[in-house]
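This is final_33.cif. It holds mmCIF, C-alpha atoms.
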```
data_data
loop_
_atom_site.group_PDB
_atom_site.id
_atom_site.type_symbol
_atom_site.label_atom_id
_atom_site.label_comp_id
_atom_site.auth_asym_id
_atom_site.auth_seq_id
_atom_site.Cartn_x
_atom_site.Cartn_y
_atom_site.Cartn_z
ATOM 1 C CA THR A 78 24.209 34.587 -34.583
ATOM 2 C CA SER A 79 20.518 34.367 -35.373
ATOM 3 C CA THR A 80 18.876 31.043 -35.973
ATOM 4 C CA PRO A 81 18.175 30.458 -39.681
ATOM 5 C CA ARG A 82 14.451 30.416 -40.404
ATOM 6 C CA TRP A 83 14.623 26.926 -41.970
ATOM 7 C CA ALA A 84 16.067 25.499 -38.714
ATOM 8 C CA VAL A 85 13.298 26.722 -36.414
ATOM 9 C CA ALA A 86 11.170 23.842 -35.073
ATOM 10 C CA TYR A 87 7.577 24.503 -34.090
ATOM 11 C CA LYS A 88 5.964 22.157 -31.580
ATOM 12 C CA PHE A 89 2.196 22.098 -31.499
ATOM 13 C CA PRO A 90 0.630 22.047 -28.020
ATOM 14 C CA PRO A 91 -0.836 18.628 -27.087
ATOM 15 C CA GLU A 92 -4.484 18.073 -27.983
ATOM 16 C CA GLU A 93 -6.823 18.504 -25.003
ATOM 17 C CA LYS A 94 -10.328 17.084 -24.629
ATOM 18 C CA GLU A 95 -13.041 17.174 -21.976
ATOM 19 C CA THR A 96 -14.597 14.021 -20.553
ATOM 20 C CA VAL A 97 -16.157 12.757 -17.310
ATOM 21 C CA LEU A 98 -14.076 11.305 -14.484
ATOM 22 C CA GLU A 99 -16.372 8.422 -13.520
ATOM 23 C CA ASP A 100 -14.286 7.032 -10.657
ATOM 24 C CA ILE A 101 -10.842 7.027 -9.026
ATOM 25 C CA THR A 102 -9.226 3.648 -8.377
ATOM 26 C CA VAL A 103 -6.014 2.909 -6.495
ATOM 27 C CA ALA A 104 -3.259 0.515 -7.630
ATOM 28 C CA VAL A 105 -0.311 -0.765 -5.581
ATOM 29 C CA GLY A 106 3.093 -0.699 -7.281
ATOM 30 C CA ARG A 107 6.182 -2.862 -6.738
ATOM 31 C CA THR A 108 7.621 -0.467 -4.119
ATOM 32 C CA GLY A 109 4.302 -0.381 -2.233
ATOM 33 C CA VAL A 110 3.296 3.079 -3.456
ATOM 34 C CA LEU A 111 -0.463 3.547 -3.827
ATOM 35 C CA THR A 112 -1.195 5.431 -7.063
ATOM 36 C CA PRO A 113 -4.670 6.830 -7.823
ATOM 37 C CA ALA A 114 -5.905 6.524 -11.408
ATOM 38 C CA ALA A 115 -8.736 8.311 -13.167
ATOM 39 C CA GLU A 116 -11.352 6.007 -14.697
ATOM 40 C CA LEU A 117 -12.628 8.136 -17.575
ATOM 41 C CA ARG A 118 -15.605 8.073 -19.895
ATOM 42 C CA PRO A 119 -13.771 6.936 -23.065
ATOM 43 C CA VAL A 120 -12.568 9.818 -25.227
ATOM 44 C CA ARG A 121 -10.645 9.926 -28.518
ATOM 45 C CA LEU A 122 -7.303 11.629 -27.960
ATOM 46 C CA ALA A 123 -4.241 11.926 -30.237
ATOM 47 C CA GLY A 124 -5.312 8.952 -32.322
ATOM 48 C CA THR A 125 -6.328 6.495 -29.580
ATOM 49 C CA THR A 126 -9.250 5.970 -27.216
ATOM 50 C CA VAL A 127 -8.347 6.906 -23.653
ATOM 51 C CA SER A 128 -10.298 5.561 -20.658
ATOM 52 C CA ARG A 129 -7.667 5.727 -17.900
ATOM 53 C CA ALA A 130 -5.070 8.269 -16.748
ATOM 54 C CA THR A 131 -2.704 8.586 -13.802
ATOM 55 C CA LEU A 132 -3.467 11.053 -11.012
ATOM 56 C CA HIS A 133 -0.006 10.611 -9.409
ATOM 57 C CA ASN A 134 -0.879 11.163 -5.719
ATOM 58 C CA LEU A 135 -3.339 12.778 -3.322
ATOM 59 C CA ASP A 136 -1.535 16.148 -3.410
ATOM 60 C CA PHE A 137 -1.941 16.259 -7.205
ATOM 61 C CA ILE A 138 -5.707 15.658 -6.862
ATOM 62 C CA ARG A 139 -6.125 18.286 -4.129
ATOM 63 C CA GLN A 140 -4.006 20.940 -5.889
ATOM 64 C CA ARG A 141 -6.119 20.618 -9.033
ATOM 65 C CA ASN A 142 -9.413 20.454 -7.108
ATOM 66 C CA ILE A 143 -10.425 17.216 -8.849
ATOM 67 C CA MET A 144 -13.562 15.387 -7.670
ATOM 68 C CA ILE A 145 -15.170 12.104 -8.704
ATOM 69 C CA GLY A 146 -17.901 12.891 -11.247
ATOM 70 C CA ASP A 147 -16.148 16.028 -12.505
ATOM 71 C CA THR A 148 -15.838 17.030 -16.109
ATOM 72 C CA VAL A 149 -12.065 17.059 -16.570
ATOM 73 C CA VAL A 150 -9.579 18.146 -19.219
ATOM 74 C CA VAL A 151 -7.268 15.362 -20.417
ATOM 75 C CA ARG A 152 -4.251 15.286 -22.719
ATOM 76 C CA LYS A 153 -1.321 13.025 -23.549
ATOM 77 C CA ALA A 154 1.982 14.034 -21.970
ATOM 78 C CA GLY A 155 4.549 13.858 -24.755
ATOM 79 C CA ASP A 156 1.719 12.495 -26.939
ATOM 80 C CA ILE A 157 2.052 9.153 -25.107
ATOM 81 C CA ILE A 158 0.898 9.062 -21.463
ATOM 82 C CA PRO A 159 -2.684 10.175 -20.728
ATOM 83 C CA GLU A 160 -2.921 12.724 -17.920
ATOM 84 C CA VAL A 161 -5.634 14.808 -16.275
ATOM 85 C CA VAL A 162 -4.854 18.524 -16.589
ATOM 86 C CA GLY A 163 -7.572 19.642 -14.193
ATOM 87 C CA ALA A 164 -11.285 19.842 -13.459
ATOM 88 C CA VAL A 165 -13.925 22.130 -14.998
ATOM 89 C CA PRO A 166 -15.756 23.351 -11.837
ATOM 90 C CA SER A 167 -18.279 25.381 -13.879
ATOM 91 C CA LYS A 168 -19.809 22.105 -15.124
ATOM 92 C CA ARG A 169 -20.508 20.676 -11.651
ATOM 93 C CA ASP A 170 -24.096 19.796 -10.757
ATOM 94 C CA GLY A 171 -23.647 18.905 -7.067
ATOM 95 C CA THR A 172 -23.374 15.131 -7.491
ATOM 96 C CA GLU A 173 -19.558 15.199 -7.468
ATOM 97 C CA ARG A 174 -17.756 13.807 -4.426
ATOM 98 C CA GLU A 175 -14.321 14.212 -2.914
ATOM 99 C CA PHE A 176 -11.784 11.399 -3.214
ATOM 100 C CA SER A 177 -10.055 9.966 -0.138
ATOM 101 C CA MET A 178 -7.072 7.625 -0.140
ATOM 102 C CA PRO A 179 -7.825 4.252 1.493
ATOM 103 C CA THR A 180 -6.615 3.812 5.078
ATOM 104 C CA VAL A 181 -5.455 0.243 4.384
ATOM 105 C CA CYS A 182 -3.752 -1.349 1.376
ATOM 106 C CA PRO A 183 -6.371 -2.372 -1.235
ATOM 107 C CA SER A 184 -4.344 -5.510 -1.991
ATOM 108 C CA CYS A 185 -3.413 -6.952 1.414
ATOM 109 C CA GLY A 186 -5.482 -4.918 3.909
ATOM 110 C CA GLU A 187 -2.448 -3.848 5.948
ATOM 111 C CA PRO A 188 -2.169 -0.237 7.234
ATOM 112 C CA ILE A 189 -0.588 2.300 4.883
ATOM 113 C CA PHE A 190 2.050 4.883 5.705
ATOM 114 C CA ARG A 191 3.128 8.313 4.438
ATOM 115 C CA GLU A 192 6.588 9.664 5.206
ATOM 116 C CA GLU A 193 6.764 13.344 6.119
ATOM 117 C CA ASP A 194 8.983 14.328 3.195
ATOM 118 C CA GLU A 195 7.137 12.277 0.556
ATOM 119 C CA ALA A 196 3.942 12.823 -1.426
ATOM 120 C CA ALA A 197 3.535 9.061 -1.846
ATOM 121 C CA VAL A 198 1.433 6.847 0.406
ATOM 122 C CA ARG A 199 2.782 3.303 0.629
ATOM 123 C CA CYS A 200 2.018 -0.178 1.920
ATOM 124 C CA THR A 201 4.928 -1.392 4.053
ATOM 125 C CA ASN A 202 3.919 -5.074 4.032
ATOM 126 C CA GLY A 203 6.732 -6.924 2.210
ATOM 127 C CA ALA A 204 4.380 -9.867 1.586
ATOM 128 C CA CYS A 205 1.720 -7.724 -0.150
ATOM 129 C CA PRO A 206 0.466 -9.699 -3.206
ATOM 130 C CA ALA A 207 0.246 -6.612 -5.445
ATOM 131 C CA GLN A 208 3.821 -5.567 -4.629
ATOM 132 C CA LEU A 209 5.121 -9.066 -5.283
ATOM 133 C CA SER A 210 3.276 -9.359 -8.610
ATOM 134 C CA ARG A 211 4.482 -5.930 -9.780
ATOM 135 C CA SER A 212 8.074 -6.707 -8.740
ATOM 136 C CA ILE A 213 7.934 -9.873 -10.879
ATOM 137 C CA GLU A 214 6.454 -7.845 -13.746
ATOM 138 C CA HIS A 215 9.316 -5.326 -13.444
ATOM 139 C CA PHE A 216 11.877 -8.153 -13.371
ATOM 140 C CA ALA A 217 10.459 -9.614 -16.606
ATOM 141 C CA SER A 218 10.059 -6.251 -18.389
ATOM 142 C CA LYS A 219 11.839 -5.290 -21.611
ATOM 143 C CA GLY A 220 14.499 -3.048 -20.041
ATOM 144 C CA ALA A 221 15.233 -5.672 -17.412
ATOM 145 C CA MET A 222 15.225 -9.452 -18.101
ATOM 146 C CA ASN A 223 13.046 -9.102 -21.227
ATOM 147 C CA ILE A 224 10.990 -12.285 -20.755
ATOM 148 C CA ASP A 225 8.342 -12.365 -23.508
ATOM 149 C CA GLY A 226 4.818 -13.393 -22.577
ATOM 150 C CA LEU A 227 5.024 -12.346 -18.930
ATOM 151 C CA GLY A 228 2.644 -9.400 -18.802
ATOM 152 C CA THR A 229 0.470 -8.185 -15.932
ATOM 153 C CA GLU A 230 -2.394 -10.670 -16.452
ATOM 154 C CA THR A 231 -0.125 -13.700 -16.900
ATOM 155 C CA ILE A 232 1.940 -12.886 -13.798
ATOM 156 C CA ASP A 233 -1.202 -12.305 -11.730
ATOM 157 C CA GLN A 234 -2.566 -15.652 -12.979
ATOM 158 C CA PHE A 235 0.670 -17.485 -12.091
ATOM 159 C CA TYR A 236 0.660 -15.850 -8.660
ATOM 160 C CA GLN A 237 -2.973 -16.731 -7.949
ATOM 161 C CA GLU A 238 -2.361 -20.339 -9.047
ATOM 162 C CA GLY A 239 0.549 -20.529 -6.584
ATOM 163 C CA LEU A 240 3.165 -21.120 -9.289
ATOM 164 C CA ILE A 241 5.267 -18.058 -8.383
ATOM 165 C CA HIS A 242 5.691 -15.959 -5.252
ATOM 166 C CA ASN A 243 8.910 -14.127 -6.120
ATOM 167 C CA ILE A 244 11.274 -13.529 -9.059
ATOM 168 C CA ALA A 245 13.389 -16.623 -8.347
ATOM 169 C CA ASP A 246 10.321 -18.870 -8.734
ATOM 170 C CA LEU A 247 10.259 -18.041 -12.465
ATOM 171 C CA TYR A 248 13.281 -20.306 -12.909
ATOM 172 C CA SER A 249 11.452 -23.226 -11.282
ATOM 173 C CA LEU A 250 8.469 -23.083 -13.659
ATOM 174 C CA LYS A 251 7.698 -26.156 -15.765
ATOM 175 C CA ALA A 252 6.072 -25.964 -19.217
ATOM 176 C CA PRO A 253 3.303 -28.533 -18.420
ATOM 177 C CA ASP A 254 2.232 -26.502 -15.350
ATOM 178 C CA ILE A 255 1.833 -23.396 -17.532
ATOM 179 C CA ALA A 256 0.201 -25.147 -20.512
ATOM 180 C CA CYS A 257 -2.722 -26.485 -18.445
ATOM 181 C CA LEU A 258 -3.774 -23.040 -17.195
ATOM 182 C CA GLU A 259 -6.777 -21.144 -18.576
ATOM 183 C CA ARG A 260 -5.948 -18.974 -21.655
ATOM 184 C CA MET A 261 -2.626 -20.793 -21.958
ATOM 185 C CA GLY A 262 -1.512 -23.601 -24.225
ATOM 186 C CA LYS A 263 1.531 -25.569 -25.275
ATOM 187 C CA LYS A 264 2.836 -22.840 -27.602
ATOM 188 C CA SER A 265 2.481 -20.070 -24.988
ATOM 189 C CA ALA A 266 4.171 -22.261 -22.390
ATOM 190 C CA VAL A 267 7.090 -23.042 -24.721
ATOM 191 C CA ASN A 268 7.521 -19.330 -25.570
ATOM 192 C CA ILE A 269 7.575 -18.321 -21.895
ATOM 193 C CA MET A 270 10.027 -21.076 -20.992
ATOM 194 C CA GLU A 271 12.269 -20.019 -23.893
ATOM 195 C CA GLY A 272 12.103 -16.398 -22.670
ATOM 196 C CA ILE A 273 13.104 -17.490 -19.171
ATOM 197 C CA ARG A 274 16.000 -19.548 -20.548
ATOM 198 C CA ALA A 275 17.201 -16.625 -22.703
ATOM 199 C CA SER A 276 17.077 -14.269 -19.702
ATOM 200 C CA LYS A 277 20.028 -16.168 -18.191
ATOM 201 C CA GLU A 278 22.209 -14.440 -20.808
ATOM 202 C CA VAL A 279 21.096 -10.922 -19.821
ATOM 203 C CA PRO A 280 24.147 -8.905 -18.616
ATOM 204 C CA PHE A 281 24.716 -8.142 -14.933
ATOM 205 C CA GLU A 282 23.827 -4.441 -15.196
ATOM 206 C CA ARG A 283 20.315 -5.318 -16.387
ATOM 207 C CA VAL A 284 19.948 -8.036 -13.739
ATOM 208 C CA LEU A 285 20.807 -5.382 -11.151
ATOM 209 C CA PHE A 286 18.081 -3.086 -12.524
ATOM 210 C CA ALA A 287 15.639 -6.025 -12.663
ATOM 211 C CA LEU A 288 16.044 -6.729 -8.929
ATOM 212 C CA GLY A 289 13.980 -3.594 -8.279
ATOM 213 C CA ILE A 290 16.181 -2.051 -5.567
ATOM 214 C CA ARG A 291 14.543 1.222 -4.602
ATOM 215 C CA PHE A 292 16.053 4.268 -6.386
ATOM 216 C CA VAL A 293 18.204 2.036 -8.645
ATOM 217 C CA GLY A 294 17.053 2.756 -12.206
ATOM 218 C CA GLU A 295 18.679 1.673 -15.463
ATOM 219 C CA THR A 296 21.413 4.345 -15.419
ATOM 220 C CA THR A 297 22.280 3.812 -11.745
ATOM 221 C CA ALA A 298 22.402 0.032 -12.289
ATOM 222 C CA LYS A 299 24.952 0.526 -15.106
ATOM 223 C CA THR A 300 27.063 2.768 -12.855
ATOM 224 C CA LEU A 301 26.992 0.246 -10.002
ATOM 225 C CA ALA A 302 27.761 -2.720 -12.276
ATOM 226 C CA LYS A 303 30.791 -0.896 -13.671
ATOM 227 C CA ALA A 304 32.043 0.076 -10.199
ATOM 228 C CA PHE A 305 31.496 -3.254 -8.407
ATOM 229 C CA ARG A 306 31.570 -5.864 -11.210
ATOM 230 C CA SER A 307 29.664 -8.534 -9.236
ATOM 231 C CA ILE A 308 26.669 -8.933 -6.946
ATOM 232 C CA ASP A 309 28.948 -10.159 -4.136
ATOM 233 C CA ALA A 310 31.132 -7.037 -4.331
ATOM 234 C CA LEU A 311 28.044 -4.811 -4.273
ATOM 235 C CA ALA A 312 26.440 -6.741 -1.404
ATOM 236 C CA SER A 313 29.551 -6.364 0.761
ATOM 237 C CA ALA A 314 30.063 -2.649 -0.029
ATOM 238 C CA THR A 315 29.894 -0.190 2.879
ATOM 239 C CA LEU A 316 28.038 3.109 2.831
ATOM 240 C CA ASP A 317 31.351 4.906 2.210
ATOM 241 C CA ASP A 318 32.262 2.494 -0.626
ATOM 242 C CA LEU A 319 28.963 3.220 -2.335
ATOM 243 C CA MET A 320 29.081 6.986 -1.882
ATOM 244 C CA GLN A 321 32.541 7.163 -3.455
ATOM 245 C CA VAL A 322 30.942 6.130 -6.753
ATOM 246 C CA ASP A 323 29.928 9.038 -9.011
ATOM 247 C CA GLU A 324 26.234 9.945 -8.801
ATOM 248 C CA ILE A 325 25.570 7.621 -5.845
ATOM 249 C CA GLY A 326 24.279 9.738 -2.978
ATOM 250 C CA ALA A 327 23.279 8.864 0.564
ATOM 251 C CA ARG A 328 19.671 7.986 -0.351
ATOM 252 C CA ILE A 329 20.644 5.443 -3.026
ATOM 253 C CA ALA A 330 23.524 4.036 -0.926
ATOM 254 C CA GLN A 331 21.258 3.537 2.099
ATOM 255 C CA SER A 332 18.629 1.817 -0.047
ATOM 256 C CA ILE A 333 21.243 -0.642 -1.417
ATOM 257 C CA ILE A 334 22.549 -1.407 2.096
ATOM 258 C CA GLN A 335 18.971 -1.989 3.291
ATOM 259 C CA TYR A 336 18.189 -4.278 0.328
ATOM 260 C CA PHE A 337 21.122 -6.604 0.964
ATOM 261 C CA ALA A 338 20.512 -6.566 4.734
ATOM 262 C CA GLU A 339 17.195 -8.417 4.198
ATOM 263 C CA GLU A 340 17.624 -12.185 4.370
ATOM 264 C CA LYS A 341 14.840 -12.918 1.880
ATOM 265 C CA ASN A 342 16.608 -10.782 -0.749
ATOM 266 C CA ARG A 343 19.881 -12.639 -0.203
ATOM 267 C CA GLU A 344 18.039 -15.960 -0.537
ATOM 268 C CA ILE A 345 16.453 -14.863 -3.832
ATOM 269 C CA ILE A 346 19.847 -13.767 -5.192
ATOM 270 C CA GLY A 347 21.276 -17.169 -4.200
ATOM 271 C CA ARG A 348 18.498 -18.936 -6.102
ATOM 272 C CA LEU A 349 18.980 -16.711 -9.168
ATOM 273 C CA ARG A 350 22.696 -17.519 -9.128
ATOM 274 C CA GLU A 351 21.941 -21.267 -8.954
ATOM 275 C CA ALA A 352 19.550 -20.878 -11.899
ATOM 276 C CA GLY A 353 22.376 -19.438 -13.988
ATOM 277 C CA VAL A 354 21.447 -15.736 -14.012
ATOM 278 C CA GLN A 355 24.430 -13.421 -14.651
ATOM 279 C CA MET A 356 25.783 -12.193 -11.305
#
```
Represent the structure from my file as C-alpha cells, please.
Amino acid sequence: TSTPRWAVAYKFPPEEKETVLEDITVAVGRTGVLTPAAELRPVRLAGTTVSRATLHNLDFIRQRNIMIGDTVVVRKAGDIIPEVVGAVPSKRDGTEREFSMPTVCPSCGEPIFREEDEAAVRCTNGACPAQLSRSIEHFASKGAMNIDGLGTETIDQFYQEGLIHNIADLYSLKAPDIACLERMGKKSAVNIMEGIRASKEVPFERVLFALGIRFVGETTAKTLAKAFRSIDALASATLDDLMQVDEIGARIAQSIIQYFAEEKNREIIGRLREAGVQM
C-alpha cells in the first residue's frame, strides 16, 4: 500500500552556520575520558547563541581535518547538541595550528592512556579531582538521584572547599557548612539538604545507575535491579551469573565485577546504606 500524502512527514535539514574555532580545550569526564571541545566565536544557531561544541575525540578531529583557528561549519544535532561538521580549508590564512591531545591529565597531571581498541584517551588515576567531581555530578543528576541545586559549579565548589570527596560525603553535609560558602545562603543550603534527604527515597534501579559503573546506563541498571533485587546480590554475582541475564555481555559483566572488587567502592556503598539510600 502507498503512504497517503497527508501522512508523509518532511524533516528539514538542521541549520548550519560558519564561525571561527578559536581554541580547543580538553575536559575530563567521570570515567577519566578526555574529551576535546571547540571554543567557538559565538554564533546564533537554531534559536540560541552557541559558543562551545563537542569534538568527541582526536580521531574525529583528524578525520575532519580540523585545526585551531579554522573557519568551521557548526549545527545542532537533533536541534539540541551543538556539533562541528567540519572545517572550511579554503578560508585558511596560514595562522591555523594543529591540535594535539595533552600527554598528561589536565586535572591531576598523571599520565594518560589509550587502549588499542578505543578512540578515547583516558586518565587512569582514580583520585583525579575532575573524575571525582564529575562522578558526584552524575550521581546527583536528574536521571539518577535527582538532587536539586547540585550542578557543576556547586559540586566543584564543595570539592575545592573540602566538603565532599566522593558521593557518600553528600550525606554527611551540614546546612551551616553550605550556607557560609560564597554564592550560597540559607535558602540554597536548605534546598540542597532537602534534595539530599529526598534522594534516600529514589528506587534501587536509579541508585545503581547513579553509582556510575562503567557501561551501566539507565536501561542496563533497570535490567540488573530486576535480576538481582539488591546491591548485595549483585556484588556477589559471578561472571556467569551476570552473563545469564538478558543483554548483559562480557564487557558489562567484567566491568561490574571490577567495580565491586575495589575496596573503596565497597566502602562507599556501605556508607550510602548507612545513610538510608535504597539498596
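Within the file as shown, the PyMOL selection byres ((chain A and resi 121) around 12) identifies Glu92, Glu93, Lys94, Glu95, Thr96, Leu117, Arg118, Pro119, Val120, Leu122, Ala123, Gly124, Thr125, Thr126, Val127, Ser128, Arg129, Val151, Arg152, Lys153 and Pro159 of chain A.
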Segment 268-271 of chain A environment, 9 Å, only C-alpha atoms, sequence neighbours closer than 6 positions dropped, as JSON, numbers by chain | {"A": [224, 225, 226, 227, 248, 250, 251, 252, 255]}
Could you name the residues that touch Gly228 of chain A at 9 Å or less, counting all atoms listed in the file, but leaving out those on the same chain fewer than 4 positions away, as a list of chain:residue names?
->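 Contacts, with the query itself left out: A:Glu214, A:Ala217, A:Ser218, A:Ile232, A:Asp233.
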List the residues sitting within 9 Å of (-2.9, 0.6, 2.9) in the file's frame, using all atoms listed in the file, as a ChimeraX atom specification.
-> /A:105,109,111,178-190,198-202
Point-to-point distance in Å for atom CA of Asp147 of chain A and atom CA of Ser167 of chain A |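 Interatomic distance here is 9.7 Å.
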Select, from A:Leu209, A:Met356, A:Val97, A:Ile138, the residue with the minimum atom-to-atom distance to Lys168 of chain A, counting all atoms listed in the file.
->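 Between A:Leu209, A:Met356, A:Val97, A:Ile138, the residue approaching Lys168 of chain A most closely is A:Val97.
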What separates atom CA of Val279 of chain A and atom CA of Phe216 of chain A is a distance of 11.6 Å
Rounded to one decimal place, report the atom CA of Arg141 of chain A-atom CA of Val161 of chain A distance in Å.
->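 Rounded to one decimal, the two atoms are 9.3 Å apart.
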A:Val354, A:Leu98, A:Ile325, A:Ala275: which is nearest Ser307 of chain A, counting only C-alpha atoms?
-> A:Val354
Determine, counting only C-alpha atoms, which protein, DNA and RNA residues have an atom within 8 Å of an atom of Ser332 of chain A; residues of the same chain fewer than 3 positions away are not included. Present the result as a PyMOL selection string.
-> chain A and resi 290-292+328-329+335-336
Expected residue set, 8 Å radius at (-10.0, 14.1, -7.4), all atoms listed in the file, as a list in words |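 Residues lying no farther than 8 Å from the given point: Ile101, Leu135, Ile138, Arg139, Arg141, Asn142, Ile143, Met144, Ile145, Glu175 and Phe176 of chain A.
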What are the centre and the three edge lengths of an axis-aligned box that wraps all atoms of segment 289-301 of chain A in the file, given that 4 Å is added to every side, written as lines of an AutoDock Vina configuration file and rounded to one decimal in Å?
```
center_x = 20.5
center_y = 0.4
center_z = -10.0
size_x = 21.1
size_y = 15.9
size_z = 18.9
```
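When the PyMOL selection byres ((chain A and resi 103) around 6) is evaluated against the file, it yields Thr102, Ala104, Thr112 and Pro113 of chain A.
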Nearest to Asp323 of chain A by atom-to-atom distance, counting all atoms listed in the file, from A:Thr297, A:Gln355, A:Gln208, A:Ser276 =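 With all atoms listed in the file as the atom set, the closest residue is A:Thr297.
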Nearest to Arg343 of chain A: which of A:Val165, A:Leu247, A:Met320, A:Ile308 is it, counting all atoms listed in the file?
->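 Distance minimum relative to Arg343 of chain A lands on A:Ile308.
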Selection near Ala221 of chain A, 12 Å with only C-alpha atoms, sequence-local residues under 6 positions removed, as a PyMOL selection string = chain A and resi 212-215+276-289+294-296+298-299
What would segment 347-354 of chain A look like with all heavy atoms in place, written as a CSV table (one decimal), in the frame of the given file?
```csv
chain,number,residue,atom,x,y,z
A,347,GLY,N,20.6,-15.8,-4.2
A,347,GLY,CA,21.3,-17.2,-4.2
A,347,GLY,C,20.6,-18.1,-5.2
A,347,GLY,O,21.2,-18.9,-5.9
A,348,ARG,N,19.3,-18.1,-5.2
A,348,ARG,CA,18.5,-18.9,-6.1
A,348,ARG,C,18.7,-18.5,-7.6
A,348,ARG,O,18.8,-19.4,-8.5
A,348,ARG,CB,17.0,-18.9,-5.7
A,348,ARG,CG,16.7,-19.7,-4.4
A,348,ARG,CD,15.2,-19.6,-4.1
A,348,ARG,NE,14.4,-20.3,-5.2
A,348,ARG,CZ,13.1,-20.0,-5.4
A,348,ARG,NH1,12.5,-19.2,-4.6
A,348,ARG,NH2,12.5,-20.6,-6.4
A,349,LEU,N,18.7,-17.2,-7.8
A,349,LEU,CA,19.0,-16.7,-9.2
A,349,LEU,C,20.4,-17.1,-9.7
A,349,LEU,O,20.5,-17.5,-10.8
A,349,LEU,CB,18.9,-15.2,-9.2
A,349,LEU,CG,17.5,-14.6,-9.0
A,349,LEU,CD1,17.6,-13.1,-8.9
A,349,LEU,CD2,16.5,-15.0,-10.1
A,350,ARG,N,21.3,-17.1,-8.8
A,350,ARG,CA,22.7,-17.5,-9.1
A,350,ARG,C,22.7,-19.0,-9.5
A,350,ARG,O,23.3,-19.4,-10.5
A,350,ARG,CB,23.6,-17.3,-7.9
A,350,ARG,CG,25.1,-17.4,-8.3
A,350,ARG,CD,26.0,-17.7,-7.1
A,350,ARG,NE,25.8,-16.7,-6.0
A,350,ARG,CZ,26.4,-15.5,-6.0
A,350,ARG,NH1,27.3,-15.2,-6.9
A,350,ARG,NH2,26.2,-14.7,-5.0
A,351,GLU,N,22.0,-19.8,-8.7
A,351,GLU,CA,21.9,-21.3,-9.0
A,351,GLU,C,21.2,-21.5,-10.3
A,351,GLU,O,21.6,-22.5,-11.0
A,351,GLU,CB,21.2,-22.0,-7.8
A,351,GLU,CG,22.0,-22.1,-6.5
A,351,GLU,CD,21.1,-22.6,-5.4
A,351,GLU,OE1,20.0,-23.1,-5.7
A,351,GLU,OE2,21.6,-22.5,-4.2
A,352,ALA,N,20.3,-20.7,-10.6
A,352,ALA,CA,19.6,-20.9,-11.9
A,352,ALA,C,20.4,-20.5,-13.1
A,352,ALA,O,20.0,-20.8,-14.3
A,352,ALA,CB,18.3,-20.0,-11.9
A,353,GLY,N,21.5,-19.8,-12.9
A,353,GLY,CA,22.4,-19.4,-14.0
A,353,GLY,C,22.3,-18.0,-14.5
A,353,GLY,O,22.8,-17.6,-15.5
A,354,VAL,N,21.6,-17.2,-13.7
A,354,VAL,CA,21.4,-15.7,-14.0
A,354,VAL,C,22.8,-15.1,-13.8
A,354,VAL,O,23.6,-15.4,-12.9
A,354,VAL,CB,20.4,-15.1,-13.1
A,354,VAL,CG1,20.3,-13.5,-13.3
A,354,VAL,CG2,19.0,-15.7,-13.4
```
